[in-house]
$ cat query.pdb   # PDB, C-alpha atoms and all ligand atoms
MODEL        1
ATOM      1  CA  MET A 212     153.554 210.269 122.688
ATOM      2  CA  LYS A 213     156.412 208.758 120.705
ATOM      3  CA  PHE A 214     158.534 205.922 122.105
ATOM      4  CA  PHE A 215     162.236 205.715 121.356
ATOM      5  CA  ILE A 216     164.459 202.935 122.637
ATOM      6  CA  ASP A 217     167.661 203.989 124.370
ATOM      7  CA  THR A 218     170.162 201.350 123.324
ATOM      8  CA  ALA A 219     172.609 200.352 120.613
ATOM      9  CA  ASN A 220     171.706 196.667 120.977
ATOM     10  CA  LEU A 221     170.309 195.483 117.633
ATOM     11  CA  ALA A 222     168.326 192.564 119.116
ATOM     12  CA  GLU A 223     166.599 194.866 121.608
ATOM     13  CA  ILE A 224     165.850 197.421 118.896
ATOM     14  CA  GLN A 225     164.363 194.664 116.720
ATOM     15  CA  GLU A 226     162.272 193.348 119.648
ATOM     16  CA  ALA A 227     160.842 196.808 120.371
ATOM     17  CA  TYR A 228     160.230 197.416 116.673
ATOM     18  CA  ASP A 229     158.423 194.079 116.328
ATOM     19  CA  LEU A 230     156.101 195.131 119.152
ATOM     20  CA  GLY A 231     154.837 197.790 116.738
ATOM     21  CA  VAL A 232     155.227 200.779 119.042
ATOM     22  CA  LEU A 233     158.711 202.027 118.277
ATOM     23  CA  ASP A 234     159.226 205.489 116.780
ATOM     24  CA  GLY A 235     162.983 205.824 117.033
ATOM     25  CA  VAL A 236     166.291 205.006 118.696
ATOM     26  CA  THR A 237     168.695 207.016 120.816
ATOM     27  CA  THR A 238     172.301 206.027 121.279
ATOM     28  CA  ASN A 239     175.299 207.651 122.884
ATOM     29  CA  PRO A 240     179.010 206.802 123.058
ATOM     30  CA  SER A 241     178.501 204.875 126.312
ATOM     31  CA  LEU A 242     175.736 202.730 124.795
ATOM     32  CA  MET A 243     177.885 202.022 121.711
ATOM     33  CA  ALA A 244     180.830 201.040 123.935
ATOM     34  CA  LYS A 245     178.513 198.753 125.946
ATOM     35  CA  GLU A 246     177.842 196.801 122.745
ATOM     36  CA  GLY A 247     181.573 196.628 122.011
ATOM     37  CA  ILE A 248     181.259 198.858 118.942
ATOM     38  CA  THR A 249     184.574 200.685 118.542
ATOM     39  CA  GLY A 250     186.421 202.362 115.673
ATOM     40  CA  GLN A 251     184.870 204.967 113.407
ATOM     41  CA  ALA A 252     184.061 202.596 110.524
ATOM     42  CA  ASN A 253     182.337 200.098 112.837
ATOM     43  CA  ILE A 254     180.413 202.848 114.587
ATOM     44  CA  LEU A 255     179.101 204.279 111.305
ATOM     45  CA  ALA A 256     178.200 200.781 110.072
ATOM     46  CA  HIS A 257     176.344 200.146 113.323
ATOM     47  CA  TYR A 258     174.277 203.324 112.887
ATOM     48  CA  LYS A 259     173.384 202.101 109.400
ATOM     49  CA  ALA A 260     172.348 198.704 110.810
ATOM     50  CA  ILE A 261     170.067 200.472 113.305
ATOM     51  CA  CYS A 262     168.568 202.596 110.515
ATOM     52  CA  ASP A 263     167.827 199.411 108.567
ATOM     53  CA  ILE A 264     165.613 198.150 111.433
ATOM     54  CA  VAL A 265     163.504 201.206 112.288
ATOM     55  CA  ASP A 266     161.381 203.651 110.285
ATOM     56  CA  ASP A 267     162.954 206.953 111.413
ATOM     57  CA  ASN A 268     164.676 208.944 114.169
ATOM     58  CA  VAL A 269     168.048 207.372 114.888
ATOM     59  CA  SER A 270     170.105 209.670 117.104
ATOM     60  CA  ALA A 271     173.842 209.437 116.384
ATOM     61  CA  GLU A 272     176.131 211.456 118.643
ATOM     62  CA  VAL A 273     179.114 213.553 117.592
ATOM     63  CA  ILE A 274     182.371 213.045 119.478
ATOM     64  CA  ALA A 275     183.978 216.402 118.706
ATOM     65  CA  THR A 276     183.513 219.292 121.126
ATOM     66  CA  ASP A 277     184.605 222.193 118.911
ATOM     67  CA  TYR A 278     182.214 223.906 116.503
ATOM     68  CA  GLU A 279     184.020 223.221 113.218
ATOM     69  CA  THR A 280     184.613 219.520 113.841
ATOM     70  CA  MET A 281     181.123 219.001 115.256
ATOM     71  CA  VAL A 282     179.614 220.432 112.072
ATOM     72  CA  VAL A 283     181.828 218.268 109.839
ATOM     73  CA  GLU A 284     181.020 215.199 111.936
ATOM     74  CA  GLY A 285     177.309 216.048 112.006
ATOM     75  CA  ARG A 286     177.170 216.366 108.222
ATOM     76  CA  ALA A 287     178.942 213.006 107.851
ATOM     77  CA  LEU A 288     176.524 211.307 110.260
ATOM     78  CA  ALA A 289     173.550 212.779 108.388
ATOM     79  CA  GLN A 290     174.944 211.281 105.169
ATOM     80  CA  ILE A 291     174.648 207.739 106.557
ATOM     81  CA  ASP A 292     170.872 207.666 106.200
ATOM     82  CA  SER A 293     167.969 210.123 106.058
ATOM     83  CA  LYS A 294     166.749 208.597 109.363
ATOM     84  CA  ILE A 295     169.751 209.986 111.267
ATOM     85  CA  VAL A 296     169.287 212.761 113.818
ATOM     86  CA  VAL A 297     172.615 214.305 114.851
ATOM     87  CA  LYS A 298     173.040 214.358 118.601
ATOM     88  CA  ILE A 299     175.000 217.344 119.921
ATOM     89  CA  PRO A 300     175.996 218.043 123.534
ATOM     90  CA  MET A 301     174.759 221.175 125.336
ATOM     91  CA  ILE A 302     177.949 223.206 125.219
ATOM     92  CA  LYS A 303     178.600 226.625 123.672
ATOM     93  CA  ASP A 304     180.056 225.253 120.435
ATOM     94  CA  GLY A 305     177.252 222.707 120.375
ATOM     95  CA  VAL A 306     174.618 225.452 120.306
ATOM     96  CA  LYS A 307     176.415 227.049 117.344
ATOM     97  CA  ALA A 308     176.672 223.676 115.598
ATOM     98  CA  ILE A 309     172.931 223.067 116.112
ATOM     99  CA  LYS A 310     172.183 226.427 114.500
ATOM    100  CA  THR A 311     174.368 225.631 111.477
ATOM    101  CA  LEU A 312     173.180 222.056 110.992
ATOM    102  CA  SER A 313     169.507 222.919 111.457
ATOM    103  CA  SER A 314     169.823 225.752 108.910
ATOM    104  CA  GLU A 315     171.105 223.099 106.468
ATOM    105  CA  GLY A 316     168.007 220.968 107.117
ATOM    106  CA  ILE A 317     169.852 218.428 109.274
ATOM    107  CA  ARG A 318     167.821 217.300 112.288
ATOM    108  CA  THR A 319     169.517 217.644 115.662
ATOM    109  CA  ASN A 320     168.986 216.336 119.178
ATOM    110  CA  CYS A 321     170.590 218.447 121.892
ATOM    111  CA  THR A 322     171.703 216.094 124.641
ATOM    112  CA  LEU A 323     172.801 216.416 128.284
ATOM    113  CA  ILE A 324     170.089 218.953 129.163
ATOM    114  CA  PHE A 325     169.792 219.443 132.914
ATOM    115  CA  ASN A 326     167.989 222.759 133.280
ATOM    116  CA  ALA A 327     165.359 224.845 131.518
ATOM    117  CA  GLY A 328     167.841 227.514 130.397
ATOM    118  CA  GLN A 329     169.749 224.924 128.412
ATOM    119  CA  ALA A 330     166.477 223.724 126.871
ATOM    120  CA  ILE A 331     165.558 227.269 125.789
ATOM    121  CA  LEU A 332     168.986 227.863 124.222
ATOM    122  CA  ALA A 333     168.837 224.626 122.240
ATOM    123  CA  ALA A 334     165.295 225.355 121.060
ATOM    124  CA  LYS A 335     166.250 228.855 119.955
ATOM    125  CA  ALA A 336     169.204 227.410 118.017
ATOM    126  CA  GLY A 337     166.719 225.236 116.120
ATOM    127  CA  ALA A 338     167.194 221.805 117.696
ATOM    128  CA  SER A 339     164.612 219.303 116.501
ATOM    129  CA  TYR A 340     164.746 217.597 119.895
ATOM    130  CA  ILE A 341     166.123 218.354 123.337
ATOM    131  CA  SER A 342     167.012 215.544 125.723
ATOM    132  CA  PRO A 343     166.584 216.336 129.422
ATOM    133  CA  PHE A 344     168.085 213.494 131.514
ATOM    134  CA  LEU A 345     165.597 213.028 134.311
ATOM    135  CA  GLY A 346     167.023 209.909 135.980
ATOM    136  CA  ARG A 347     170.431 211.514 136.378
ATOM    137  CA  LEU A 348     168.822 214.518 138.095
ATOM    138  CA  ASP A 349     167.010 212.144 140.451
ATOM    139  CA  ASP A 350     170.401 210.507 141.111
ATOM    140  CA  ILE A 351     171.679 213.764 142.629
ATOM    141  CA  SER A 352     168.499 214.294 144.670
ATOM    142  CA  MET A 353     166.926 216.751 142.249
ATOM    143  CA  ASP A 354     163.495 216.306 140.655
ATOM    144  CA  GLY A 355     163.877 215.249 137.025
ATOM    145  CA  LEU A 356     160.130 215.216 136.407
ATOM    146  CA  GLU A 357     159.821 218.796 137.637
ATOM    147  CA  LEU A 358     162.262 219.809 134.898
ATOM    148  CA  ILE A 359     160.139 218.069 132.247
ATOM    149  CA  ASP A 360     157.056 219.929 133.508
ATOM    150  CA  GLN A 361     158.909 223.248 133.432
ATOM    151  CA  ILE A 362     160.186 222.747 129.879
ATOM    152  CA  VAL A 363     156.724 221.689 128.628
ATOM    153  CA  THR A 364     155.261 224.922 130.059
ATOM    154  CA  ILE A 365     157.983 227.110 128.543
ATOM    155  CA  PHE A 366     157.834 225.491 125.104
ATOM    156  CA  ASP A 367     154.017 225.810 125.113
ATOM    157  CA  ASN A 368     154.275 229.499 126.085
ATOM    158  CA  TYR A 369     156.303 230.242 122.973
ATOM    159  CA  ASP A 370     155.065 227.566 120.570
ATOM    160  CA  PHE A 371     158.613 226.235 120.160
ATOM    161  CA  GLU A 372     158.637 223.507 117.526
ATOM    162  CA  THR A 373     161.457 221.652 119.294
ATOM    163  CA  GLU A 374     160.211 218.354 120.704
ATOM    164  CA  ILE A 375     160.915 217.342 124.301
ATOM    165  CA  LEU A 376     162.596 213.948 124.344
ATOM    166  CA  ALA A 377     162.552 212.812 127.952
ATOM    167  CA  ALA A 378     165.695 210.725 128.499
ATOM    168  CA  SER A 379     167.414 208.795 131.267
ATOM    169  CA  ILE A 380     164.044 207.230 132.066
ATOM    170  CA  ARG A 381     164.496 204.455 134.571
ATOM    171  CA  HIS A 382     160.997 203.075 135.270
ATOM    172  CA  ASN A 383     157.290 203.106 134.375
ATOM    173  CA  ILE A 384     156.333 205.975 136.661
ATOM    174  CA  HIS A 385     158.890 208.222 134.981
ATOM    175  CA  LEU A 386     157.376 207.385 131.604
ATOM    176  CA  ILE A 387     153.743 207.738 132.666
ATOM    177  CA  LYS A 388     154.389 211.061 134.439
ATOM    178  CA  CYS A 389     156.188 212.351 131.314
ATOM    179  CA  ALA A 390     153.106 211.408 129.281
ATOM    180  CA  GLU A 391     150.825 213.226 131.747
ATOM    181  CA  MET A 392     153.004 216.310 131.524
ATOM    182  CA  GLY A 393     153.021 216.293 127.741
ATOM    183  CA  ALA A 394     156.608 215.359 126.854
ATOM    184  CA  HIS A 395     156.517 214.580 123.138
ATOM    185  CA  ILE A 396     158.819 211.562 123.340
ATOM    186  CA  ALA A 397     160.175 209.161 125.928
ATOM    187  CA  THR A 398     163.375 207.287 125.273
ATOM    188  CA  CYS A 399     163.965 204.354 127.566
ATOM    189  CA  PRO A 400     165.521 200.913 127.819
ATOM    190  CA  LEU A 401     163.596 197.909 126.498
ATOM    191  CA  LYS A 402     162.813 196.773 130.042
ATOM    192  CA  VAL A 403     160.864 199.991 130.686
ATOM    193  CA  ILE A 404     158.873 199.625 127.455
ATOM    194  CA  LEU A 405     158.083 195.975 128.283
ATOM    195  CA  GLY A 406     157.380 196.948 131.889
ATOM    196  CA  LEU A 407     154.338 198.868 130.664
ATOM    197  CA  LEU A 408     152.723 195.519 129.867
ATOM    198  CA  LYS A 409     152.782 194.342 133.430
ATOM    199  CA  HIS A 410     149.991 194.162 135.966
ATOM    200  CA  PRO A 411     149.449 191.189 138.302
ATOM    201  CA  LEU A 412     145.662 191.433 137.850
ATOM    202  CA  THR A 413     146.110 191.094 134.072
ATOM    203  CA  ASP A 414     148.058 187.856 134.557
ATOM    204  CA  LYS A 415     145.596 186.591 137.168
ATOM    205  CA  GLY A 416     142.569 187.542 135.067
ATOM    206  CA  LEU A 417     143.937 185.777 131.992
ATOM    207  CA  GLU A 418     144.689 182.664 134.031
ATOM    208  CA  ILE A 419     141.054 182.594 135.247
ATOM    209  CA  PHE A 420     139.618 183.166 131.742
ATOM    210  CA  LEU A 421     141.701 180.320 130.305
ATOM    211  CA  ALA A 422     140.840 177.977 133.210
ATOM    212  CA  ASP A 423     137.105 178.697 132.807
ATOM    213  CA  TYR A 424     137.314 178.115 129.044
ATOM    214  CA  ALA A 425     139.120 174.811 129.646
ATOM    215  CA  LYS A 426     136.385 173.687 132.091
ATOM    216  CA  GLY A 427     133.649 174.322 129.538
ATOM    217  CA  ASN A 428     135.517 172.863 126.569
ATOM    218  CA  SER A 429     137.239 169.765 127.876
TER
HETATM  219  O1  LIG B 501     169.307 208.868 126.612
HETATM  220  C1  LIG B 501     170.052 209.181 127.747
HETATM  221  C2  LIG B 501     170.456 207.976 128.453
HETATM  222  O2  LIG B 501     171.260 207.145 127.672
HETATM  223  C3  LIG B 501     171.042 208.182 129.786
HETATM  224  O3  LIG B 501     170.449 207.249 130.577
HETATM  225  O4  LIG B 501     170.255 205.757 132.470
HETATM  226  O5  LIG B 501     172.528 206.414 131.600
HETATM  227  O6  LIG B 501     171.128 208.047 132.828
HETATM  228  P1  LIG B 501     171.129 206.848 131.957
ENDMDL
END
$ encode --input "query.pdb" --output "structure tokens"
Amino acid sequence: MKFFIDTANLAEIQEAYDLGVLDGVTTNPSLMAKEGITGQANILAHYKAICDIVDDNVSAEVIATDYETMVVEGRALAQIDSKIVVKIPMIKDGVKAIKTLSSEGIRTNCTLIFNAGQAILAAKAGASYISPFLGRLDDISMDGLELIDQIVTIFDNYDFETEILAASIRHNIHLIKCAEMGAHIATCPLKVILGLLKHPLTDKGLEIFLADYAKGNS
């Protein structure tokens, strides 16, 4: 399973990268705004700064919602760095843009996936990744994990090459269940990645080991 971090915060990206387990980064316009990154030139420069930290897979989202402009924007984003994956929303023109960009060898991540039909469409258009938002489904009393399971089954049935990038992951159980189900990638905030470290018996056990060592070596 690959781990992506879902943030535009450079310090958090560096911290996750330094841990040695980071395979990529996902951003979106909301995450860029949260970091105060505004204006096209600053946004493009920020994507480049992210690419300079990590080894590959930096999702950069288009703002346009019409086919022609999405394609132009996608090509420009892909020019920033070979690590860029162009993120395209699941709308009709987005599906067409994914088809065009993927036929040009530009990697795409189809975002805002909330049902299996959308996942199938994006995969058929040639998306490199699809991003089902499981936390946001949970927020409206639907089962986000059930959607991940369904998409894994469908993609396995047809050997789709598109990778399932489970997004909107809010906690450890989400991530672990996605791993059990066979999602290829989980993108989550730094706190979820670091949360995987935690178990009270680990802390307690280490405390005892160190105390026993100190007794014998003082
Ligand atoms: O990658 C998708 C993510 O940014 C959405 O997460 O927590 O805003 O639903 P959230």
$ residues_near_ligand --input "query.pdb" --ligand "ligand LIG 501 (chain B)" --cutoff "12 Å" --atoms "all atoms listed in the file" --output "PyMOL selection string"
chain A and resi 215-219+235-245+269-272+298+300+320-325+340-351+355+376-382+385+396-403
$ closest_residue --input "query.pdb" --among "A:Gly427, A:Pro411, A:Gly416, A:Gly285" --to "Arg318 in chain A" --atoms "only C-alpha atoms"
A:Gly285
$ atom_distance --input "query.pdb" --atom1 "CA of Asp263 in chain A" --atom2 "CA of Gln251 in chain A"
18.6 Å
$ closest_residue --input "query.pdb" --among "A:Leu230, A:Ile419, A:Leu288, A:Leu221" --to "Ile248 in chain A" --atoms "all atoms listed in the file"
A:Leu221
$ atom_distance --input "query.pdb" --atom1 "CA of Tyr228 in chain A" --atom2 "CA of Val265 in chain A"
6.7 Å
$ closest_residue --input "query.pdb" --among "A:Asn268, A:Asn220, A:Ala338, A:Ile254" --to "Leu233 in chain A" --atoms "only C-alpha atoms"
A:Asn268
$ axis_aligned_box --input "query.pdb" --around "range 331-345 of chain A" --padding-each-side "4 Å" --output "lines of an AutoDock Vina configuration file"
center_x = 166.9
center_y = 220.9
center_z = 125.2
size_x = 12.6
size_y = 23.8
size_z = 26.2
$ atom_distance --input "query.pdb" --atom1 "CA of Val297 in chain A" --atom2 "CA of Ile317 in chain A"
7.5 Å
$ closest_residue --input "query.pdb" --among "A:Ser293, A:Thr311, A:Ser339, A:Asn253" --to "Glu279 in chain A" --atoms "only C-alpha atoms"
A:Thr311
$ closest_residue --input "query.pdb" --among "A:Glu372, A:Asp360, A:Glu246, A:Glu418" --to "Ala336 in chain A" --atoms "only C-alpha atoms"
A:Glu372
$ resolve_selection --input "query.pdb" --expression "the PyMOL selection byres (((chain A and resi 281) around 10) and not hetatm)" --output "list in words"
Glu272, Val273, Ile274, Ala275, Thr276, Asp277, Tyr278, Glu279, Thr280, Val282, Val283, Glu284, Gly285, Arg286, Ala287, Val297, Lys298, Ile299, Pro300, Asp304, Gly305, Lys307, Ala308, Ile309 and Leu312 of chain A
